[in-house]
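Printed here is start_21.txt (compact mmCIF, N, CA and C atoms):
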```txt
# COMPACT_ATOMS: atom_id res chain seq x y z
N MET A 1 -29.95 -11.67 -3.95
CA MET A 1 -28.79 -10.96 -3.47
C MET A 1 -28.51 -9.83 -4.45
N TYR A 2 -28.05 -8.72 -3.95
CA TYR A 2 -27.71 -7.56 -4.75
C TYR A 2 -26.27 -7.14 -4.44
N TYR A 3 -25.61 -6.55 -5.38
CA TYR A 3 -24.33 -5.93 -5.06
C TYR A 3 -24.43 -4.45 -5.37
N GLU A 4 -23.79 -3.66 -4.55
CA GLU A 4 -23.82 -2.22 -4.69
C GLU A 4 -22.73 -1.80 -5.66
N THR A 5 -23.09 -0.95 -6.59
CA THR A 5 -22.14 -0.55 -7.63
C THR A 5 -22.16 0.96 -7.79
N ASN A 6 -21.08 1.49 -8.28
CA ASN A 6 -21.06 2.89 -8.65
C ASN A 6 -21.75 2.97 -10.02
N ALA A 7 -22.96 3.50 -10.03
CA ALA A 7 -23.83 3.40 -11.20
C ALA A 7 -23.25 4.06 -12.45
N TYR A 8 -22.49 5.11 -12.30
CA TYR A 8 -22.01 5.83 -13.49
C TYR A 8 -20.50 5.77 -13.59
N CYS A 9 -19.97 4.59 -13.34
CA CYS A 9 -18.54 4.38 -13.40
C CYS A 9 -18.20 3.75 -14.75
N GLY A 10 -17.12 4.15 -15.32
CA GLY A 10 -16.69 3.53 -16.57
C GLY A 10 -15.20 3.30 -16.55
N THR A 11 -14.78 2.11 -16.90
CA THR A 11 -13.37 1.78 -16.99
C THR A 11 -13.08 1.41 -18.43
N TYR A 12 -12.09 2.04 -19.00
CA TYR A 12 -11.83 1.87 -20.42
C TYR A 12 -10.52 1.15 -20.66
N TYR A 13 -10.53 0.18 -21.56
CA TYR A 13 -9.32 -0.51 -22.00
C TYR A 13 -9.27 -0.44 -23.51
N TRP A 14 -8.14 -0.09 -24.03
CA TRP A 14 -7.94 -0.10 -25.48
C TRP A 14 -6.81 -1.06 -25.77
N SER A 15 -7.06 -2.07 -26.57
CA SER A 15 -6.01 -3.00 -26.94
C SER A 15 -5.99 -3.15 -28.45
N ASN A 16 -4.81 -3.23 -29.00
CA ASN A 16 -4.66 -3.34 -30.44
C ASN A 16 -4.46 -4.81 -30.82
N ASN A 17 -5.30 -5.31 -31.68
CA ASN A 17 -5.17 -6.68 -32.17
C ASN A 17 -4.29 -6.64 -33.42
N THR A 18 -3.07 -7.15 -33.30
CA THR A 18 -2.12 -7.06 -34.40
C THR A 18 -2.46 -8.00 -35.54
N LEU A 19 -3.35 -8.97 -35.32
CA LEU A 19 -3.69 -9.91 -36.40
C LEU A 19 -4.50 -9.24 -37.50
N ASN A 20 -5.47 -8.42 -37.13
CA ASN A 20 -6.27 -7.76 -38.16
C ASN A 20 -6.36 -6.25 -37.96
N ASN A 21 -5.46 -5.69 -37.18
CA ASN A 21 -5.34 -4.25 -36.98
C ASN A 21 -6.63 -3.59 -36.50
N THR A 22 -7.37 -4.27 -35.62
CA THR A 22 -8.56 -3.68 -35.04
C THR A 22 -8.28 -3.32 -33.59
N ILE A 23 -9.03 -2.37 -33.10
CA ILE A 23 -8.89 -1.93 -31.70
C ILE A 23 -10.15 -2.32 -30.96
N PHE A 24 -9.98 -3.01 -29.83
CA PHE A 24 -11.11 -3.44 -29.02
C PHE A 24 -11.35 -2.44 -27.88
N ASP A 25 -12.58 -2.06 -27.68
CA ASP A 25 -12.98 -1.20 -26.56
C ASP A 25 -13.57 -2.11 -25.51
N ARG A 26 -12.84 -2.34 -24.42
CA ARG A 26 -13.36 -3.16 -23.32
C ARG A 26 -13.78 -2.20 -22.23
N ARG A 27 -15.07 -2.12 -21.97
CA ARG A 27 -15.59 -1.17 -21.01
C ARG A 27 -16.39 -1.90 -19.95
N ILE A 28 -16.20 -1.48 -18.70
CA ILE A 28 -16.97 -2.01 -17.58
C ILE A 28 -17.95 -0.92 -17.16
N TYR A 29 -19.24 -1.19 -17.33
CA TYR A 29 -20.25 -0.17 -17.06
C TYR A 29 -20.69 -0.13 -15.61
N TYR A 30 -20.81 -1.29 -14.97
CA TYR A 30 -21.27 -1.34 -13.59
C TYR A 30 -20.30 -2.20 -12.78
N PRO A 31 -19.20 -1.61 -12.34
CA PRO A 31 -18.19 -2.41 -11.65
C PRO A 31 -18.68 -2.90 -10.29
N ILE A 32 -18.32 -4.14 -9.98
CA ILE A 32 -18.61 -4.70 -8.67
C ILE A 32 -17.76 -4.00 -7.62
N ALA A 33 -16.51 -3.80 -7.96
CA ALA A 33 -15.57 -3.12 -7.07
C ALA A 33 -14.51 -2.47 -7.94
N ILE A 34 -13.91 -1.42 -7.45
CA ILE A 34 -12.83 -0.78 -8.17
C ILE A 34 -11.53 -1.16 -7.47
N PRO A 35 -10.65 -1.87 -8.17
CA PRO A 35 -9.41 -2.34 -7.52
C PRO A 35 -8.53 -1.20 -7.03
N ARG A 36 -7.86 -1.47 -5.92
CA ARG A 36 -6.87 -0.55 -5.36
C ARG A 36 -5.53 -1.28 -5.35
N ILE A 37 -4.52 -0.65 -5.88
CA ILE A 37 -3.20 -1.29 -5.96
C ILE A 37 -2.20 -0.46 -5.17
N ARG A 38 -1.48 -1.12 -4.28
CA ARG A 38 -0.40 -0.48 -3.54
C ARG A 38 0.90 -1.14 -3.98
N ALA A 39 1.76 -0.38 -4.65
CA ALA A 39 3.03 -0.91 -5.13
C ALA A 39 4.07 -0.82 -4.02
N HIS A 40 4.71 -1.95 -3.72
CA HIS A 40 5.80 -1.98 -2.75
C HIS A 40 7.14 -1.87 -3.48
N THR A 41 7.24 -2.53 -4.64
CA THR A 41 8.43 -2.48 -5.48
C THR A 41 7.96 -2.27 -6.91
N GLY A 42 8.55 -1.34 -7.64
CA GLY A 42 8.15 -1.08 -9.01
C GLY A 42 7.00 -0.09 -9.07
N SER A 43 6.40 0.01 -10.25
CA SER A 43 5.32 0.97 -10.49
C SER A 43 4.17 0.28 -11.20
N VAL A 44 2.99 0.88 -11.07
CA VAL A 44 1.80 0.38 -11.75
C VAL A 44 1.20 1.53 -12.54
N PHE A 45 0.72 1.22 -13.73
CA PHE A 45 0.09 2.20 -14.59
C PHE A 45 -1.36 1.78 -14.79
N PRO A 46 -2.27 2.32 -13.98
CA PRO A 46 -3.67 1.87 -14.04
C PRO A 46 -4.38 2.43 -15.26
N VAL A 47 -5.52 1.82 -15.58
CA VAL A 47 -6.36 2.28 -16.67
C VAL A 47 -7.18 3.47 -16.19
N SER A 48 -7.77 4.18 -17.13
CA SER A 48 -8.59 5.34 -16.78
C SER A 48 -9.92 4.87 -16.20
N ILE A 49 -10.28 5.43 -15.06
CA ILE A 49 -11.56 5.13 -14.43
C ILE A 49 -12.30 6.45 -14.23
N VAL A 50 -13.50 6.54 -14.77
CA VAL A 50 -14.31 7.75 -14.67
C VAL A 50 -15.51 7.42 -13.81
N CYS A 51 -15.70 8.14 -12.70
CA CYS A 51 -16.77 7.79 -11.75
C CYS A 51 -17.49 9.02 -11.24
N THR A 52 -18.71 8.81 -10.79
CA THR A 52 -19.40 9.77 -9.94
C THR A 52 -19.72 9.05 -8.64
N LEU A 53 -20.33 9.72 -7.72
CA LEU A 53 -20.66 9.12 -6.43
C LEU A 53 -22.09 8.60 -6.38
N ASP A 54 -22.74 8.45 -7.54
CA ASP A 54 -24.10 7.92 -7.60
C ASP A 54 -24.05 6.40 -7.56
N PHE A 55 -24.77 5.81 -6.63
CA PHE A 55 -24.74 4.36 -6.49
C PHE A 55 -26.00 3.72 -7.05
N GLY A 56 -25.87 2.50 -7.51
CA GLY A 56 -27.00 1.71 -7.98
C GLY A 56 -26.87 0.32 -7.42
N TYR A 57 -27.91 -0.48 -7.59
CA TYR A 57 -27.90 -1.86 -7.11
C TYR A 57 -28.18 -2.78 -8.28
N GLU A 58 -27.44 -3.84 -8.38
CA GLU A 58 -27.63 -4.83 -9.43
C GLU A 58 -28.02 -6.15 -8.79
N LYS A 59 -29.09 -6.76 -9.31
CA LYS A 59 -29.59 -8.02 -8.76
C LYS A 59 -28.78 -9.20 -9.29
N VAL A 60 -28.48 -10.15 -8.40
CA VAL A 60 -27.82 -11.39 -8.78
C VAL A 60 -28.80 -12.52 -8.46
N LEU A 61 -29.20 -13.25 -9.48
CA LEU A 61 -30.17 -14.33 -9.31
C LEU A 61 -29.53 -15.52 -8.60
N PRO A 62 -30.35 -16.41 -8.00
CA PRO A 62 -29.79 -17.61 -7.36
C PRO A 62 -28.93 -18.40 -8.35
N SER A 63 -27.81 -18.87 -7.88
CA SER A 63 -26.81 -19.58 -8.68
C SER A 63 -26.20 -18.70 -9.76
N GLY A 64 -26.44 -17.40 -9.67
CA GLY A 64 -25.89 -16.47 -10.66
C GLY A 64 -24.49 -16.02 -10.26
N MET A 65 -23.85 -15.33 -11.19
CA MET A 65 -22.49 -14.86 -10.95
C MET A 65 -22.27 -13.55 -11.69
N VAL A 66 -21.51 -12.66 -11.09
CA VAL A 66 -21.09 -11.44 -11.75
C VAL A 66 -19.57 -11.34 -11.64
N ALA A 67 -18.95 -10.75 -12.64
CA ALA A 67 -17.50 -10.63 -12.63
C ALA A 67 -17.08 -9.44 -13.49
N ASN A 68 -15.99 -8.81 -13.12
CA ASN A 68 -15.35 -7.76 -13.91
C ASN A 68 -13.90 -8.13 -14.09
N GLU A 69 -13.33 -7.82 -15.26
CA GLU A 69 -11.91 -8.04 -15.51
C GLU A 69 -11.22 -6.68 -15.61
N TYR A 70 -10.07 -6.58 -14.98
CA TYR A 70 -9.26 -5.38 -15.05
C TYR A 70 -7.86 -5.76 -15.50
N TYR A 71 -7.23 -4.90 -16.27
CA TYR A 71 -5.87 -5.13 -16.75
C TYR A 71 -5.01 -3.94 -16.35
N PHE A 72 -3.81 -4.22 -15.86
CA PHE A 72 -2.89 -3.17 -15.45
C PHE A 72 -1.51 -3.47 -16.01
N VAL A 73 -0.77 -2.43 -16.30
CA VAL A 73 0.61 -2.56 -16.74
C VAL A 73 1.50 -2.24 -15.54
N VAL A 74 2.45 -3.13 -15.26
CA VAL A 74 3.39 -2.92 -14.15
C VAL A 74 4.82 -3.02 -14.67
N THR A 75 5.73 -2.34 -13.96
CA THR A 75 7.14 -2.47 -14.29
C THR A 75 7.68 -3.74 -13.67
N LYS A 76 8.79 -4.21 -14.18
CA LYS A 76 9.43 -5.41 -13.63
C LYS A 76 10.76 -5.02 -13.01
N PRO A 77 11.12 -5.54 -11.90
CA PRO A 77 10.31 -6.40 -11.02
C PRO A 77 9.22 -5.57 -10.34
N PHE A 78 8.16 -6.27 -9.93
CA PHE A 78 7.04 -5.62 -9.26
C PHE A 78 6.58 -6.48 -8.10
N LYS A 79 6.26 -5.81 -7.00
CA LYS A 79 5.60 -6.46 -5.88
C LYS A 79 4.60 -5.47 -5.32
N GLY A 80 3.37 -5.92 -5.13
CA GLY A 80 2.35 -5.04 -4.62
C GLY A 80 1.13 -5.81 -4.16
N GLU A 81 0.20 -5.08 -3.58
CA GLU A 81 -1.03 -5.67 -3.08
C GLU A 81 -2.21 -5.09 -3.86
N ILE A 82 -3.10 -5.98 -4.30
CA ILE A 82 -4.32 -5.57 -4.98
C ILE A 82 -5.49 -5.91 -4.08
N ARG A 83 -6.35 -4.92 -3.84
CA ARG A 83 -7.56 -5.11 -3.04
C ARG A 83 -8.75 -4.63 -3.87
N ALA A 84 -9.88 -5.31 -3.71
CA ALA A 84 -11.10 -4.93 -4.43
C ALA A 84 -12.30 -5.12 -3.52
N PRO A 85 -12.56 -4.18 -2.61
CA PRO A 85 -13.71 -4.33 -1.71
C PRO A 85 -15.03 -4.25 -2.49
N ALA A 86 -15.96 -5.14 -2.15
CA ALA A 86 -17.27 -5.18 -2.80
C ALA A 86 -18.35 -5.21 -1.72
N THR A 87 -19.43 -4.47 -1.93
CA THR A 87 -20.55 -4.43 -0.99
C THR A 87 -21.69 -5.30 -1.52
N VAL A 88 -22.13 -6.26 -0.70
CA VAL A 88 -23.21 -7.18 -1.08
C VAL A 88 -24.37 -6.96 -0.10
N CYS A 89 -25.61 -6.88 -0.65
CA CYS A 89 -26.79 -6.56 0.15
C CYS A 89 -27.88 -7.60 -0.06
N LEU A 90 -28.75 -7.76 0.93
CA LEU A 90 -29.88 -8.68 0.81
C LEU A 90 -30.98 -8.11 -0.07
N LYS A 91 -31.16 -6.80 -0.07
CA LYS A 91 -32.12 -6.13 -0.93
C LYS A 91 -31.67 -4.69 -1.13
N PRO A 92 -32.16 -4.02 -2.15
CA PRO A 92 -31.72 -2.65 -2.40
C PRO A 92 -32.10 -1.70 -1.27
N PHE A 93 -31.26 -0.74 -1.04
CA PHE A 93 -31.50 0.35 -0.09
C PHE A 93 -31.86 -0.14 1.31
N CYS A 94 -31.13 -1.13 1.79
CA CYS A 94 -31.35 -1.63 3.14
C CYS A 94 -30.03 -1.58 3.91
N ASN A 95 -30.13 -1.80 5.19
CA ASN A 95 -28.94 -1.81 6.04
C ASN A 95 -28.31 -3.20 6.15
N ALA A 96 -28.89 -4.19 5.50
CA ALA A 96 -28.38 -5.56 5.57
C ALA A 96 -27.33 -5.77 4.48
N CYS A 97 -26.26 -4.99 4.55
CA CYS A 97 -25.19 -5.08 3.57
C CYS A 97 -23.89 -5.47 4.28
N ARG A 98 -23.02 -6.11 3.52
CA ARG A 98 -21.73 -6.51 4.07
C ARG A 98 -20.64 -6.22 3.03
N VAL A 99 -19.53 -5.71 3.51
CA VAL A 99 -18.41 -5.42 2.62
C VAL A 99 -17.44 -6.60 2.65
N PHE A 100 -17.14 -7.12 1.48
CA PHE A 100 -16.14 -8.17 1.33
C PHE A 100 -14.88 -7.53 0.79
N ASP A 101 -13.81 -7.64 1.53
CA ASP A 101 -12.57 -6.97 1.15
C ASP A 101 -11.42 -7.96 1.26
N LYS A 102 -11.00 -8.48 0.14
CA LYS A 102 -9.89 -9.43 0.10
C LYS A 102 -8.75 -8.80 -0.68
N GLY A 103 -7.56 -9.18 -0.31
CA GLY A 103 -6.39 -8.69 -1.01
C GLY A 103 -5.50 -9.84 -1.45
N ILE A 104 -4.67 -9.56 -2.43
CA ILE A 104 -3.72 -10.56 -2.91
C ILE A 104 -2.39 -9.86 -3.18
N ILE A 105 -1.31 -10.54 -2.84
CA ILE A 105 0.02 -10.02 -3.12
C ILE A 105 0.45 -10.54 -4.50
N VAL A 106 0.89 -9.63 -5.35
CA VAL A 106 1.33 -9.97 -6.69
C VAL A 106 2.82 -9.67 -6.79
N THR A 107 3.58 -10.65 -7.27
CA THR A 107 5.02 -10.50 -7.40
C THR A 107 5.46 -10.96 -8.79
N THR A 108 6.28 -10.15 -9.45
CA THR A 108 6.88 -10.56 -10.72
C THR A 108 8.40 -10.39 -10.56
N SER A 109 9.12 -11.03 -11.45
CA SER A 109 10.56 -10.83 -11.48
C SER A 109 10.95 -10.33 -12.85
N ASP A 110 12.23 -10.11 -13.08
CA ASP A 110 12.68 -9.67 -14.40
C ASP A 110 12.44 -10.73 -15.46
N ASN A 111 12.29 -12.00 -15.06
CA ASN A 111 12.16 -13.10 -16.02
C ASN A 111 10.73 -13.50 -16.30
N THR A 112 9.73 -12.97 -15.56
CA THR A 112 8.35 -13.40 -15.77
C THR A 112 7.50 -12.29 -16.33
```
Translate this file's structure into C-alpha cells.
Amino acid sequence: MYYETNAYCGTYYWSNNTLNNTIFDRRIYYPIAIPRIRAHTGSVFPVSIVCTLDFGYEKVLPSGMVANEYYFVVTKPFKGEIRAPATVCLKPFCNACRVFDKGIIVTTSDNT
C-alpha cells in the first residue's frame, strides 16, 4: 500500500524546553495529509506550512503504520472542525487510489 504525499512539503514547529533552555525543531517532511481547520467559535493559529504541488508516493509495508503529529494554538473557548484528507493507493502512479477524509469536532471551554 502507498500513500500519496506532497513531496516537498515542510511543517515547522518550534518549542522551547524550559528545563534546559533548548529549542526543538519538529519538522514533518512527507505529510500524509495537511489538516484543515474550520473555526466555528474562537480562533486558530496554525503552524507554518511550506509546500509545492509536486507529489510523491511513500510505501507502507504490511502491518506497517505511518503517522504525523500537528500542534495548533487556539483561543478559549474554541469550537471547530479538523479534517485531514489522505490519499491511499495500491501502487504508485495508478488510478486505484482512494481518498479517506474524516473530520472531528474539537471543543474547549474557558476551564480546559
Worksheet item: Within 6.5 Å of (-33.3, 0.4, -5.5), only N, CA and C atoms: residues as number ranges by chain?
Response: A: 57, 92-93
Output file for the selection above: N, CA and C atoms, as a PDB file, keeping the file's coordinate frame:
```
ATOM      1  N   TYR A  57     -27.910  -0.480  -7.590  1.00  0.00           N
ATOM      2  CA  TYR A  57     -27.900  -1.860  -7.110  1.00  0.00           C
ATOM      3  C   TYR A  57     -28.180  -2.780  -8.280  1.00  0.00           C
ATOM      4  N   PRO A  92     -32.160  -4.020  -2.150  1.00  0.00           N
ATOM      5  CA  PRO A  92     -31.720  -2.650  -2.400  1.00  0.00           C
ATOM      6  C   PRO A  92     -32.100  -1.700  -1.270  1.00  0.00           C
ATOM      7  N   PHE A  93     -31.260  -0.740  -1.040  1.00  0.00           N
ATOM      8  CA  PHE A  93     -31.500   0.350  -0.090  1.00  0.00           C
ATOM      9  C   PHE A  93     -31.860  -0.140   1.310  1.00  0.00           C
TER      10      PHE A  93
END
```
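One finds atom C of Phe72 in chain A at 25.3 Å from atom C of Tyr3 in chain A.
You can rank A:Pro85, A:Ile105, A:Val99, A:Asn68 by their closest distance to Arg36 in chain A using only C-alpha atoms, and at the top of that list sits A:Pro85.
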Discussion item. Report, in Å with one decimal, the straight-line distance from CA of Cys9 in chain A to CA of Phe55 in chain A.
Written reply: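 Separation of CA of Cys9 in chain A and CA of Phe55 in chain A: 9.3 Å.
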Discussion item. Report, in Å to a single decimal, how far apart CA of Pro46 in chain A and CA of Asn6 in chain A are.
Written reply: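 Straight-line distance from CA of Asn6 in chain A to CA of Pro46 in chain A works out to 18.2 Å.
In terms of minimum interatomic distance to Arg38 in chain A, A:Lys79 ranks closest within A:Val88, A:Glu4, A:Lys59, A:Lys79, counting only C-alpha atoms.
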Do you know which residues are at most 8 Å from Pro35 in chain A counting only C-alpha atoms, after dropping those on the same chain fewer than 6 positions away, and could you put them as a compact mmCIF listing (two decimals) with N, CA and C atoms, in the coordinates of the input?
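Just written: result_4.txt:
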```txt
# COMPACT_ATOMS: atom_id res chain seq x y z
N ILE A 82 -3.10 -5.98 -4.30
CA ILE A 82 -4.32 -5.57 -4.98
C ILE A 82 -5.49 -5.91 -4.08
N ARG A 83 -6.35 -4.92 -3.84
CA ARG A 83 -7.56 -5.11 -3.04
C ARG A 83 -8.75 -4.63 -3.87
N ALA A 84 -9.88 -5.31 -3.71
CA ALA A 84 -11.10 -4.93 -4.43
C ALA A 84 -12.30 -5.12 -3.52
N PRO A 85 -12.56 -4.18 -2.61
CA PRO A 85 -13.71 -4.33 -1.71
C PRO A 85 -15.03 -4.25 -2.49
```
Worksheet entry | From A:Thr108, A:Phe45, A:Cys51, A:Glu58, residue lying nearest Cys89 in chain A [only C-alpha atoms] |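 Checking each of A:Thr108, A:Phe45, A:Cys51, A:Glu58 against Cys89 in chain A, counting only C-alpha atoms, the winner is A:Glu58.
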Item to complete: Name the closest residue to Ile32 in chain A among the candidates A:Val106, A:Thr87, A:Lys76, A:Met65; distances are taken between atoms, counting only N, CA and C atoms.
Response: A:Thr87
